[in-house]
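Here is protein21.txt, consisting of compact mmCIF, C-alpha atoms:
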# COMPACT_ATOMS: atom_id res chain seq x y z
CA MET A 201 -12.00 -2.19 30.18
CA ALA A 202 -10.53 1.29 29.76
CA VAL A 203 -7.84 1.58 27.12
CA ASP A 204 -5.37 4.43 26.91
CA VAL A 205 -5.57 5.25 23.18
CA SER A 206 -3.41 8.13 22.00
CA HIS A 207 -5.05 11.12 20.37
CA ASP A 208 -2.20 11.13 17.86
CA LEU A 209 -2.51 7.54 16.70
CA LEU A 210 -1.58 8.25 13.08
CA GLY A 211 1.39 10.33 14.23
CA ALA A 212 3.21 7.02 14.69
CA ILE A 213 3.27 6.57 10.90
CA GLY A 214 3.96 10.21 10.04
CA GLY A 215 0.37 11.48 9.99
CA VAL A 216 -2.70 10.68 7.93
CA PRO A 217 -1.70 8.80 4.75
CA ARG A 218 -2.61 11.01 1.81
CA PRO A 219 -4.48 9.15 -0.95
CA GLU A 220 -3.66 9.99 -4.56
CA THR A 221 -7.29 10.82 -5.37
CA ASP A 222 -10.24 12.41 -3.58
CA VAL A 223 -12.33 9.30 -4.30
CA VAL A 224 -10.40 6.53 -2.57
CA VAL A 225 -12.79 3.69 -3.46
CA ASP A 226 -14.80 3.59 -6.66
CA ALA A 227 -16.64 0.29 -7.18
CA ARG A 228 -18.69 0.14 -10.39
CA GLY A 229 -21.24 -2.55 -11.16
CA VAL A 230 -19.40 -5.29 -9.28
CA ASN A 231 -20.69 -8.85 -9.75
CA LYS A 232 -19.44 -11.92 -7.95
CA TRP A 233 -20.57 -15.55 -8.12
CA PHE A 234 -19.67 -18.56 -6.02
CA GLY A 235 -20.61 -21.30 -8.45
CA ARG A 236 -24.28 -20.64 -9.22
CA LEU A 237 -24.74 -18.37 -6.22
CA HIS A 238 -24.82 -14.72 -7.26
CA VAL A 239 -23.47 -13.03 -4.11
CA LEU A 240 -22.81 -9.50 -5.42
CA LYS A 241 -25.23 -8.00 -7.93
CA ASP A 242 -24.10 -4.83 -9.69
CA VAL A 243 -22.76 -3.29 -6.49
CA SER A 244 -21.54 0.30 -6.86
CA LEU A 245 -20.06 2.40 -4.08
CA GLN A 246 -17.81 5.42 -3.76
CA VAL A 247 -15.84 6.35 -0.64
CA LYS A 248 -14.15 9.72 -0.45
CA ARG A 249 -10.97 10.70 1.33
CA GLN A 250 -11.29 10.71 5.15
CA GLU A 251 -14.76 9.14 5.06
CA THR A 252 -15.83 6.38 7.42
CA VAL A 253 -18.42 4.14 5.80
CA VAL A 254 -20.09 1.41 7.86
CA VAL A 255 -21.72 -1.46 5.95
CA ILE A 256 -24.58 -3.20 7.74
CA GLY A 257 -27.02 -5.94 6.83
CA PRO A 258 -28.01 -9.49 7.73
CA SER A 259 -25.59 -12.40 7.58
CA GLY A 260 -25.11 -13.64 4.04
CA SER A 261 -25.91 -10.27 2.46
CA GLY A 262 -22.51 -9.96 0.73
CA LYS A 263 -20.86 -7.44 3.06
CA THR A 264 -17.68 -9.39 3.75
CA THR A 265 -17.40 -10.64 0.19
CA PHE A 266 -17.58 -7.07 -1.07
CA ILE A 267 -14.74 -5.72 1.06
CA ARG A 268 -12.64 -8.80 0.28
CA CYS A 269 -13.08 -7.94 -3.39
CA LEU A 270 -11.68 -4.47 -2.72
CA ASN A 271 -8.19 -5.89 -2.22
CA HIS A 272 -8.67 -8.86 -4.57
CA LEU A 273 -8.89 -11.51 -1.89
CA GLU A 274 -11.98 -12.49 -3.85
CA LYS A 275 -12.07 -12.22 -7.63
CA ILE A 276 -14.94 -10.44 -9.32
CA GLN A 277 -16.56 -11.67 -12.54
CA SER A 278 -17.59 -8.27 -13.88
CA GLY A 279 -17.44 -4.61 -12.99
CA ARG A 280 -14.52 -2.42 -11.96
CA ILE A 281 -12.95 -1.60 -8.59
CA PHE A 282 -10.60 1.34 -8.28
CA VAL A 283 -8.71 2.02 -5.04
CA ASN A 284 -6.56 5.11 -4.76
CA GLY A 285 -7.02 5.64 -8.49
CA HIS A 286 -5.79 2.18 -9.51
CA LEU A 287 -7.81 -0.64 -11.04
CA ILE A 288 -7.58 -3.47 -8.51
CA GLY A 289 -6.68 -7.02 -9.53
CA TYR A 290 -7.11 -6.59 -13.25
CA ARG A 291 -5.89 -4.73 -16.30
CA GLU A 292 -7.80 -3.81 -19.40
CA ALA A 293 -6.64 -5.64 -22.51
CA GLY A 294 -7.36 -4.64 -26.08
CA SER A 295 -9.53 -1.89 -27.49
CA GLY A 296 -12.69 -3.44 -26.03
CA GLY A 297 -11.52 -2.96 -22.46
CA LYS A 298 -11.74 -6.65 -21.58
CA LEU A 299 -10.59 -7.39 -18.04
CA VAL A 300 -7.58 -9.67 -17.64
CA GLU A 301 -6.29 -10.62 -14.21
CA ASP A 302 -3.11 -8.73 -13.38
CA LYS A 303 0.19 -10.28 -12.41
CA GLU A 304 0.45 -11.30 -8.76
CA LYS A 305 3.40 -8.95 -8.32
CA ASN A 306 1.30 -5.98 -9.38
CA ILE A 307 -1.62 -7.08 -7.19
CA ALA A 308 0.74 -7.29 -4.21
CA LEU A 309 1.88 -3.74 -4.88
CA GLN A 310 -1.74 -2.57 -4.98
CA ARG A 311 -2.48 -4.26 -1.67
CA GLN A 312 0.19 -2.17 0.00
CA GLU A 313 -2.26 0.72 -0.18
CA ILE A 314 -5.02 -1.23 1.58
CA GLY A 315 -4.91 -2.26 5.23
CA MET A 316 -7.29 -4.99 6.34
CA VAL A 317 -8.32 -6.13 9.80
CA PHE A 318 -10.01 -9.53 9.95
CA GLN A 319 -12.48 -11.09 12.35
CA ARG A 320 -9.95 -13.60 13.66
CA PHE A 321 -6.89 -11.32 13.99
CA ASN A 322 -4.67 -13.47 11.68
CA LEU A 323 -1.48 -12.64 13.59
CA PHE A 324 1.62 -14.76 13.00
CA PRO A 325 1.62 -17.06 16.05
CA HIS A 326 5.41 -17.52 16.09
CA MET A 327 6.09 -13.76 16.20
CA THR A 328 5.81 -11.31 19.06
CA ALA A 329 3.46 -8.32 18.86
CA LEU A 330 6.30 -6.08 17.72
CA GLU A 331 7.59 -8.60 15.19
CA ASN A 332 4.09 -8.93 13.70
CA ILE A 333 3.99 -5.17 13.13
CA ILE A 334 7.47 -4.70 11.63
CA GLU A 335 7.49 -7.73 9.32
CA ALA A 336 5.61 -6.19 6.37
CA PRO A 337 7.29 -2.75 6.44
CA ILE A 338 10.70 -4.47 6.32
CA GLN A 339 9.92 -7.26 3.86
CA VAL A 340 7.46 -5.45 1.58
CA ARG A 341 8.24 -1.74 1.79
CA GLY A 342 11.97 -2.19 2.36
CA ALA A 343 12.10 -0.15 5.57
CA GLY A 344 15.21 -0.39 7.72
CA LYS A 345 14.88 -2.47 10.87
CA ASP A 346 15.62 0.40 13.23
CA GLU A 347 13.03 2.59 11.50
CA ALA A 348 10.44 -0.20 11.53
CA VAL A 349 11.06 -1.01 15.21
CA ALA A 350 10.70 2.65 16.19
CA MET A 351 7.42 2.89 14.28
CA GLY A 352 6.17 -0.43 15.67
CA ARG A 353 6.84 0.65 19.24
CA ALA A 354 5.14 3.98 18.62
CA LEU A 355 2.07 2.19 17.27
CA LEU A 356 1.95 -0.22 20.20
CA ASP A 357 2.20 2.70 22.58
CA ARG A 358 -0.62 4.53 20.86
CA VAL A 359 -2.98 1.55 21.01
CA GLY A 360 -2.20 1.04 24.69
CA LEU A 361 0.07 -2.01 24.34
CA ALA A 362 3.56 -0.62 24.94
CA ALA A 363 4.20 -3.24 27.63
CA LYS A 364 3.22 -6.12 25.31
CA GLU A 365 5.80 -5.78 22.53
CA LYS A 366 7.51 -9.07 23.47
CA SER A 367 4.27 -11.00 24.01
CA TYR A 368 3.18 -13.69 21.56
CA PRO A 369 -0.43 -13.80 20.29
CA ASN A 370 -1.35 -16.68 22.61
CA GLN A 371 -0.29 -14.51 25.55
CA LEU A 372 -2.69 -11.71 24.57
CA SER A 373 -6.43 -11.33 25.01
CA GLY A 374 -8.64 -11.17 21.94
CA GLY A 375 -8.97 -7.40 22.24
CA GLN A 376 -5.20 -7.01 22.55
CA GLN A 377 -4.60 -9.22 19.52
CA GLN A 378 -7.05 -7.16 17.48
CA ARG A 379 -5.33 -3.94 18.50
CA VAL A 380 -2.01 -5.44 17.39
CA ALA A 381 -3.68 -6.39 14.09
CA ILE A 382 -4.84 -2.79 13.63
CA ALA A 383 -1.33 -1.51 14.39
CA ARG A 384 0.12 -4.02 11.91
CA ALA A 385 -2.21 -2.80 9.16
CA LEU A 386 -1.38 0.85 9.92
CA ALA A 387 2.35 0.15 9.75
CA MET A 388 2.04 -0.11 5.97
CA LYS A 389 0.72 3.48 5.85
CA PRO A 390 -2.34 2.52 3.79
CA ALA A 391 -4.60 4.91 1.94
CA LEU A 392 -7.60 2.79 2.98
CA MET A 393 -8.43 0.64 6.00
CA LEU A 394 -10.92 -2.23 5.74
CA PHE A 395 -12.47 -3.81 8.85
CA ASP A 396 -14.34 -7.09 8.51
CA GLU A 397 -16.50 -7.37 11.64
CA PRO A 398 -13.46 -6.71 13.85
CA THR A 399 -15.34 -7.22 17.13
CA SER A 400 -17.43 -10.28 16.26
CA ALA A 401 -14.89 -12.77 17.66
CA LEU A 402 -14.28 -10.86 20.89
CA ASP A 403 -15.58 -11.36 24.39
CA PRO A 404 -18.04 -8.60 25.34
CA GLU A 405 -15.58 -6.91 27.70
CA MET A 406 -13.00 -6.61 24.90
CA ILE A 407 -15.22 -4.97 22.30
CA GLY A 408 -14.93 -1.45 23.67
CA GLU A 409 -11.13 -1.34 23.59
CA VAL A 410 -11.06 -2.18 19.87
CA LEU A 411 -13.84 0.30 19.04
CA GLU A 412 -11.94 3.07 20.84
CA VAL A 413 -8.96 2.58 18.52
CA MET A 414 -11.25 2.63 15.49
CA LYS A 415 -13.01 5.77 16.71
CA GLU A 416 -9.67 7.50 17.09
CA LEU A 417 -8.70 6.53 13.54
CA ALA A 418 -11.96 8.03 12.27
CA ARG A 419 -11.42 11.23 14.26
CA GLU A 420 -7.94 11.61 12.80
CA GLY A 421 -9.17 11.25 9.23
CA MET A 422 -8.28 7.72 8.15
CA THR A 423 -10.42 6.54 5.23
CA MET A 424 -12.25 3.43 6.42
CA ILE A 425 -14.86 0.89 5.36
CA VAL A 426 -16.20 -1.09 8.30
CA VAL A 427 -18.44 -4.14 8.09
CA SER A 428 -20.07 -4.30 11.49
CA HIS A 429 -23.14 -5.06 13.57
CA GLU A 430 -22.07 -2.41 16.10
CA MET A 431 -24.91 0.05 15.56
CA GLY A 432 -23.78 2.38 18.32
CA PHE A 433 -20.39 2.70 16.63
CA ALA A 434 -22.04 3.30 13.25
CA ARG A 435 -24.25 6.06 14.61
CA GLU A 436 -21.43 7.79 16.46
CA VAL A 437 -18.57 7.53 13.96
CA ALA A 438 -19.81 6.86 10.42
CA ASN A 439 -20.16 9.55 7.78
CA ARG A 440 -22.37 7.16 5.84
CA VAL A 441 -24.09 3.87 6.55
CA VAL A 442 -24.71 1.40 3.71
CA MET A 443 -27.38 -1.26 4.03
CA MET A 444 -26.82 -4.46 2.01
CA ASP A 445 -29.06 -7.46 1.53
CA GLU A 446 -28.98 -10.37 -0.91
CA GLY A 447 -25.96 -8.97 -2.71
CA VAL A 448 -27.28 -5.49 -3.43
CA VAL A 449 -26.99 -2.07 -1.83
CA VAL A 450 -30.51 -1.51 -0.53
CA GLU A 451 -29.92 2.09 0.54
CA GLU A 452 -27.33 4.39 2.05
CA GLY A 453 -27.30 7.66 3.93
CA THR A 454 -26.03 9.46 6.99
CA PRO A 455 -26.55 7.62 10.29
CA ASP A 456 -29.38 9.98 11.25
CA GLN A 457 -31.10 9.47 7.91
CA LEU A 458 -30.75 5.71 7.72
CA PHE A 459 -31.48 4.89 11.36
CA SER A 460 -34.23 7.46 11.90
CA GLN A 461 -35.92 7.63 8.51
CA PRO A 462 -35.03 4.63 6.32
CA THR A 463 -36.80 4.71 2.97
CA GLN A 464 -36.72 1.02 2.04
CA GLU A 465 -38.94 -1.59 3.65
CA ARG A 466 -36.07 -4.08 3.84
CA THR A 467 -34.01 -1.61 5.84
CA LYS A 468 -36.94 -0.87 8.15
CA THR A 469 -37.48 -4.58 8.77
CA PHE A 470 -33.79 -5.20 9.49
CA LEU A 471 -33.44 -2.23 11.83
CA SER A 472 -36.67 -3.06 13.65
CA LYS A 473 -35.09 -6.32 14.78
CA ILE A 474 -31.93 -4.79 16.23
CA LEU A 475 -32.75 -1.21 17.15
CA TYR A 476 -35.20 0.25 19.61
CA ARG A 477 -35.80 3.93 20.15
CA PRO A 478 -38.11 4.91 23.05
CA ALA A 479 -40.67 7.65 22.60
CA PRO A 480 -39.25 11.17 23.21
CA ARG A 481 -39.62 12.48 26.75
CA HIS A 482 -38.55 15.65 28.53
CA GLY A 483 -37.18 17.33 25.41
CA HIS A 484 -34.71 14.56 24.58
CA SER A 485 -35.09 13.18 21.06
CA ASN A 486 -34.37 9.59 22.10
CA GLY A 487 -34.37 9.74 25.89
CA PRO A 488 -36.15 7.21 28.08
CA PRO A 489 -39.09 7.98 30.35
CA SER A 490 -38.17 9.37 33.75
CA GLY A 491 -37.46 6.78 36.43
CA ARG A 492 -38.91 3.96 34.36
CA PRO A 493 -37.04 0.65 34.59
CA PHE A 494 -35.79 -0.79 31.32
CA SER A 495 -35.13 -4.51 31.00
CA LEU A 496 -31.84 -5.69 29.56
CA ALA A 497 -32.69 -7.59 26.41
CA ARG A 498 -31.21 -10.93 25.48
CA GLY A 499 -27.79 -10.42 23.95
CA ALA A 500 -27.69 -6.70 24.76
CA ARG A 501 -24.80 -4.72 26.10
CA VAL A 502 -25.11 -1.20 27.46
CA ARG A 503 -22.10 1.05 27.18
CA GLY A 504 -21.57 4.71 27.91
CA ARG A 505 -23.98 7.20 26.35
CA GLY A 506 -26.53 4.75 25.05
CA ALA A 507 -24.16 2.77 22.85
CA VAL A 508 -25.39 -0.80 23.10
CA VAL A 509 -23.64 -3.71 21.52
CA PRO A 510 -25.51 -6.93 20.58
CA ARG A 511 -24.57 -10.41 21.69
CA ALA A 512 -22.98 -9.44 24.99
CA CYS A 513 -25.13 -11.26 27.49
CA PRO A 514 -27.33 -14.35 27.50
CA ILE A 515 -30.00 -13.04 29.85
CA SER A 516 -33.65 -12.81 28.94
CA PRO A 517 -35.91 -9.89 29.76
CA PRO A 518 -36.99 -9.09 32.35
CA ALA A 519 -34.13 -10.70 34.26
CA LEU A 520 -32.56 -7.35 35.18
CA ARG A 521 -33.97 -3.86 35.25
CA VAL A 522 -32.21 -0.55 35.57
CA SER A 523 -33.90 2.72 36.47
CA VAL A 524 -32.95 5.79 34.46
CA SER A 525 -32.88 9.41 35.57
CA ASP A 526 -34.38 12.50 33.94
CA ALA A 527 -30.93 13.74 32.96
CA TRP A 528 -30.20 10.99 30.47
CA PRO A 529 -29.13 12.58 27.16
CA ALA A 530 -30.41 11.64 23.75
CA GLY A 531 -29.00 8.29 22.75
CA TRP A 532 -29.43 5.18 20.70
CA CYS A 533 -29.55 1.60 21.70
CA SER A 534 -29.42 -1.72 19.95
CA GLY A 535 -29.80 -5.35 20.86
CA SER A 536 -31.12 -8.61 19.55
CA SER A 537 -34.68 -7.86 20.67
CA ARG A 538 -36.93 -4.81 20.61
CA THR A 539 -36.56 -4.06 24.29
CA GLY A 540 -34.56 -0.85 24.80
CA GLN A 541 -32.12 -0.19 27.57
CA PHE A 542 -30.23 2.82 28.86
CA VAL A 543 -27.85 2.94 31.80
CA ARG A 544 -26.72 6.40 32.80
CA GLY A 545 -22.99 6.78 33.27
CA MET A 546 -22.26 3.06 33.20
CA ASP A 547 -20.06 0.78 31.19
CA ALA A 548 -22.20 -2.19 32.00
CA THR A 549 -22.02 -5.74 30.72
CA ALA A 550 -24.48 -8.32 32.00
CA ALA A 551 -23.17 -11.87 31.94
CA ASP A 552 -25.82 -13.85 33.74
CA SER A 553 -29.45 -13.77 34.76
CA THR A 554 -28.81 -12.70 38.33
CA PRO A 555 -27.19 -9.50 39.62
CA GLU A 556 -24.91 -11.48 41.90
CA THR A 557 -23.08 -13.07 38.97
CA CYS A 558 -22.74 -10.05 36.69
CA ARG A 559 -19.17 -9.41 35.56
CA ASN A 560 -19.53 -5.71 36.14
CA PRO A 561 -20.08 -4.98 39.83
CA ARG A 562 -21.69 -1.65 38.97
CA LEU A 563 -24.55 -3.56 37.39
CA ALA A 564 -24.95 -5.90 40.34
CA SER A 565 -27.03 -3.31 42.18
CA ALA A 566 -29.66 -3.26 39.43
CA GLN A 567 -33.13 -4.12 40.62
CA ARG A 568 -34.67 -7.45 39.92
CA PRO A 569 -38.29 -7.35 38.79
CA GLY A 570 -40.45 -6.89 41.84
CA GLY A 571 -37.37 -6.29 43.98

Here is the file; what I need is its structure written in the form of structure tokens.
Amino acid sequence: MAVDVSHDLLGAIGGVPRPETDVVVDARGVNKWFGRLHVLKDVSLQVKRQETVVVIGPSGSGKTTFIRCLNHLEKIQSGRIFVNGHLIGYREAGSGGKLVEDKEKNIALQRQEIGMVFQRFNLFPHMTALENIIEAPIQVRGAGKDEAVAMGRALLDRVGLAAKEKSYPNQLSGGQQQRVAIARALAMKPALMLFDEPTSALDPEMIGEVLEVMKELAREGMTMIVVSHEMGFAREVANRVVMMDEGVVVEEGTPDQLFSQPTQERTKTFLSKILYRPAPRHGHSNGPPSGRPFSLARGARVRGRGAVVPRACPISPPALRVSVSDAWPAGWCSGSSRTGQFVRGMDATAADSTPETCRNPRLASAQRPGG
């Protein structure tokens, strides 16, 4: 579904929020236990102003726990986390620098600098879209109602939901609710935005509209940490990609470095299960062979210029095949199997094992094997 996202999204809140320091996030030797389970093991990470960092890794690797620690939704047992120059959740007591949990009032003030978008939207069900956005600026930042309403409407307009300001969450699609959630987080003018798998709870057709808003935020210079399995998004938007597994940072690098030349065996194993890059042909670094049909893998979604999102369709290869032309540009694809797929010029989502029942009519003309 096409979404009209403004190219001046942050203009609704007066431009890019300016952090107080060049290093917006500075996590040092962070350790976290749940009972006897050691879920974060000496995790260190720095994120600079206007960087977009995407954190990837298998389920249970500590990704979500780590970003929840960044705004003290989870308490750490050792280490230090600084956001926007401030120690988060704790204060140092005595000459030995022992950490003591800060007062809740001070923690709440620190959280004003950190916007967070959750998997499940977490909108107030009894409030309209506009009311969800203006509540925190009025109650927490002390903004006047007229000022907050004007900003809320500007944000809704910029995420393509101007007509939905009076709609309640149960009247919105999942993608629309997530865009409201992003607008609500931005309304606090945060120095940092955290995204915890923001598309994982969405129907396949809704994923793109949320990613477009996130891409625009990255283009405009918002500092972001994104936990995601959207490898196409990571390759296109991230300044750095961080691979986590079993509570440690396995490696990090630019998207080209980490996806094309990972140095750690664990990263190679993980990527081999979700990424497939065909052999170079016709001068394109990642282009598919001319005219050769590619099967849509189970759980694969093909979007735009080779951006493929996992989990979008339940079909098994080789249920559908799509032929690709010589002109296909270099791209990247991902899915839950090692079968690659490219669809030139399409925003295609397969929903069933037969072309006749595909949600996207443009995919319905794809050839069946032997057909």

Worksheet item: Pick the closest to A:Leu392 from A:Arg218, A:Lys241, A:Lys415, A:Lys263: which is it, counting all atoms listed in the file?
Response: A:Arg218

Discussion item. List the spatial neighbours of stretch 323-328 of chain A as a ChimeraX atom specification - criterion: any atom at most 7 Å away, all atoms listed in the file, same-chain residues fewer than 3 positions off excluded.
Written reply: /A:331-332,365-369,381

Worksheet item: Mind pulling up the distance from atom CA of A:His272 to atom CA of A:Ala336?
Response: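 Here the two named atoms are 18.2 Å from each other.
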
Worksheet item: Taking into account all atoms listed in the file, which residue in the set A:Lys364, A:Arg311, A:Arg249, A:His207 is nearest to A:Asn439?
Response: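 Of all the options, A:Arg249 lies closest to A:Asn439.
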
Worksheet entry | Polymer residues at most 12 Å from stretch 294-300 of chain A, only C-alpha atoms, same-chain spacing of 6 or more positions, as a list in words | Lys275, Ile276, Gln277, Ser278, Gly279, Arg280, Ile281, Leu287 and Ile288 of chain A

Worksheet item: For A:Gly360, which residue among A:Leu209, A:Val223, A:Leu309, A:Val216 is the nearest when counting all atoms listed in the file?
Response: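 Using all atoms listed in the file, A:Gly360 sits closest to A:Leu209.
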
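Counting only C-alpha atoms, the residue from A:Gly257, A:Gly315, A:Gly375, A:Gly447 that sits nearest to A:Leu394 is A:Gly315.
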
Fill in: Nearby residues (all atoms listed in the file) at most 10 Å from A:Gly211, same-chain spacing under 3 positions excluded, as a PyMOL selection string
chain A and resi 206-208+214-216+351+354-355+358+420

Worksheet item: Which neighbours of A:Val442 fall inside 12 Å, counting all atoms listed in the file, when residues of the same chain fewer than 6 positions from it are skipped, and could you give them as a ChimeraX atom specification?
Response: /A:243-247,252-257,261-263,425-429,431,434-435,448-455,457-459,462,467

Worksheet entry | Shell around A:Ile338 at 12 Å using all atoms listed in the file, local window under 5 positions removed, as number ranges by chain | A: 331-333, 343-349, 351-352, 384, 387-388

Just the selected residues (C-alpha atoms), exported as a PDB file, keeping the file's coordinate frame, please.
ATOM      1  CA  GLU A 331       7.590  -8.600  15.190  1.00  0.00           C
ATOM      2  CA  ASN A 332       4.090  -8.930  13.700  1.00  0.00           C
ATOM      3  CA  ILE A 333       3.990  -5.170  13.130  1.00  0.00           C
ATOM      4  CA  ALA A 343      12.100  -0.150   5.570  1.00  0.00           C
ATOM      5  CA  GLY A 344      15.210  -0.390   7.720  1.00  0.00           C
ATOM      6  CA  LYS A 345      14.880  -2.470  10.870  1.00  0.00           C
ATOM      7  CA  ASP A 346      15.620   0.400  13.230  1.00  0.00           C
ATOM      8  CA  GLU A 347      13.030   2.590  11.500  1.00  0.00           C
ATOM      9  CA  ALA A 348      10.440  -0.200  11.530  1.00  0.00           C
ATOM     10  CA  VAL A 349      11.060  -1.010  15.210  1.00  0.00           C
ATOM     11  CA  MET A 351       7.420   2.890  14.280  1.00  0.00           C
ATOM     12  CA  GLY A 352       6.170  -0.430  15.670  1.00  0.00           C
ATOM     13  CA  ARG A 384       0.120  -4.020  11.910  1.00  0.00           C
ATOM     14  CA  ALA A 387       2.350   0.150   9.750  1.00  0.00           C
ATOM     15  CA  MET A 388       2.040  -0.110   5.970  1.00  0.00           C
TER      16      MET A 388
END

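Minimum atom-to-atom distances from A:Asn284, A:Thr264, A:Gln312, A:Thr469 to A:Pro390 were compared using all atoms listed in the file, and the lowest value belongs to A:Gln312.
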
Practice prompt. Calculate how many Å separate atom CA of A:Met316 from atom CA of A:Val410, rounding to one decimal.
Written response: 14.3 Å

Worksheet item: With distances taken over all atoms listed in the file, which of A:Leu411, A:Gln461, A:Pro398, A:Glu446 is nearest to A:Leu237?
Response: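 For A:Leu237, the nearest of the given residues is A:Glu446.
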
Practice prompt. Around the point (-33.2, 1.9, 13.0) in the file's coordinates, collect all residues with an atom within 7 Å, using all atoms listed in the file, and return them as a list in words.
Written response: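 The requested residues, written out, are Leu458, Phe459, Ser460, Lys468, Leu471, Ser472 and Leu475 of chain A.
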